[in-house]
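Below is one structure; the comments refer to it alone.
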Amino acid sequence: MTMQSENLCKSIILLLISFLTFLTPGHSRAATEKAKVVKFGTLAPEGSTWLEQWKNIAREIEEKAGGTIRIKTYGGGVLGDEIDMLRLMKLGQLQVGGFTVLGITKAVPEMAVLELPFLFRNFKEIDYIRKKMLSEFQKYFEKRGFILLTWLDQGFVKIYSQKPLQSLQDLRNARVWAWSGEEMAIKTFEAWGIKPIPLPVPDVYMGLQAGIIDTIYTTPLACVALQWFTNINYIIDINMRYEPGAIIGTRRYWESLSPREKEITLEANKKHLDAVLESVRRDQDKAYQEMIHHGKKVIHFSKADMEAIQKASRKFWFELADKLYPRSLLEKILRHLEEYRSQKK
């Protein structure tokens, strides 16, 4: 064998060894690719139902992606308020966020229709609308440059106060907080004859302690999770409105994923949806009972005050149509609700 032939044989052998090594179990494309780092931000504090459920979703995505996706979670508002997180998403510094009403409606204003006061009566109605209209809401997100990965629940909002507010007039005389920039809450309170005091969520706890505000609104679970309940004494038992939650991704992030990674992400979110809804609703009831156990007293407004509040609220449903959300969207929701309520009758 000549020297040239011997060198050729060695080259072929090395090539075969390399090829066989590539086919060996444990060697995959994922091992040679740099993992995509996906940053997730939320106001939900550590230990809260929402954040723990997200961690379950994130863990499943990472495992099934086989190393091509690595998710970093930033809870407790460490990245700022929801407006700050949306800014980071637009800059490409945050890929996914878990949002409540302010972030959702700033990203996609049409979603404000879901938080109209007294629109929904219970979670079954919400589930019906989610089933009927999810794909339509997803299209609004896509138009705005986002992807709606999951439509969750925050729950039904109640009002909490430091003083015993026995009537609508008492509420009008209180120092009522509204989330800065949360137009629906501000509009609702104004319709009730209240001029609210705007503050971002991270300032509410100190605002209650300092006496800047003495009355707040949120879901029972959020009130406990954020420790606001330690600064209030009374619960006004009004289901003021429903608040949606959502896991939202940027289109830029979504387009960076492979078809398989997109499928894994959607499947993980869908798989855990029922568990998230069940745990959030269960924990809302537990949080409400926990506050009562800690001595918070429940106040019920008179029938006349409730009728006045509801009448004032429904009046601006259509006043806001074609300003915050399309009139046709509101009308479609109302038709579906009438359909559902007729079936129940």
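Each chain in the structure tokens gets a letter, A, B, ..., in the order shown, and its residues are numbered from 1; ligands are numbered from 1 in order too.
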Env of region 205-214 of chain A: 8 Å cut, atoms = only C-alpha atoms, seq-sep filter 4 positions within chain, self excluded. Answer as a PDB file with C-alpha atoms, in the first residue's frame.
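The result, written out as selection29.pdb:
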ATOM      1  CA  SER A 161     -61.331  49.478  53.355  1.00  0.00           C
ATOM      2  CA  GLN A 162     -59.781  50.603  56.622  1.00  0.00           C
ATOM      3  CA  LYS A 163     -63.019  52.286  57.737  1.00  0.00           C
ATOM      4  CA  ALA A 174     -63.199  57.551  51.119  1.00  0.00           C
ATOM      5  CA  ARG A 175     -59.665  57.796  49.720  1.00  0.00           C
ATOM      6  CA  VAL A 176     -60.090  55.192  46.998  1.00  0.00           C
ATOM      7  CA  TRP A 177     -57.082  53.810  45.155  1.00  0.00           C
ATOM      8  CA  ILE A 197     -56.183  58.322  43.820  1.00  0.00           C
ATOM      9  CA  GLN A 227     -50.088  41.424  52.036  1.00  0.00           C
ATOM     10  CA  TRP A 228     -52.503  44.311  51.522  1.00  0.00           C
ATOM     11  CA  ASN A 231     -53.728  47.113  56.316  1.00  0.00           C
ATOM     12  CA  ILE A 232     -57.497  46.767  55.829  1.00  0.00           C
TER      13      ILE A 232
END
Query - For Ile159 (chain A): contacts at 7 Å, only C-alpha atoms, fewer than 3 positions along chain excluded, given as a PyMOL selection string - result: chain A and resi 216-218+235-236+238
Query raised in the report: Of the residues A:Arg130, A:Gly97, A:Val78, A:Lys303, which is the one nearest to His336 (chain A), using only C-alpha atoms?
Result: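 Counting only C-alpha atoms, the residue closest to His336 (chain A) is A:Arg130.
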Query - Test item, strand (DSSP E) assignment across region 66-265 of chain A, answer as an NGL selection string - result: :A and (69-74 or 96-99 or 146-161 or 177-179 or 197-199 or 215-218 or 234-250)
Compile a residue-level contact table for region 193-290 of chain A against region 114-125 of chain A at a cut-off of 6 Å, reporting for every qualifying residue the shortest atom pair and its distance in Å to one decimal, with only C-alpha atoms counted, rows ordered by chain and ascending number, as JSON lines.
{"residue": "A:Met240", "atom": "CA", "partner": "A:Pro117", "partner_atom": "CA", "distance": 5.6}
{"residue": "A:Arg241", "atom": "CA", "partner": "A:Pro117", "partner_atom": "CA", "distance": 4.4}
{"residue": "A:Tyr242", "atom": "CA", "partner": "A:Glu115", "partner_atom": "CA", "distance": 5.4}
{"residue": "A:Glu243", "atom": "CA", "partner": "A:Glu115", "partner_atom": "CA", "distance": 5.7}
Please produce a file of the residues just selected, as a compact mmCIF listing (two decimals), in the first residue's frame, where the atoms kept are C-alpha atoms.
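Final output, part.txt:
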# COMPACT_ATOMS: atom_id res chain seq x y z
CA MET A 240 -67.28 44.58 41.17
CA ARG A 241 -65.90 42.97 38.03
CA TYR A 242 -64.03 40.01 36.60
CA GLU A 243 -60.29 40.33 36.05
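Comparing A:Tyr340, A:Trp192, A:Phe229, A:Phe156 by their smallest distance to Gln169 (chain A), the closest is A:Trp192 (using only C-alpha atoms).
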**Report entry** Test item: residues at most 12 Å from region 133-139 of chain A, only C-alpha atoms, excluding those fewer than 6 positions along its chain, as a PyMOL selection string
**Finding:** chain A and resi 104-105+108-114+126-127+145-152+246-249+325-326+328-330+332-337
Requested in this report: Assign secondary structure with DSSP using the backbone only, and return the residues of region 108-206 of chain A in alpha helix (DSSP H) as a count of residues only.
Outcome: 38
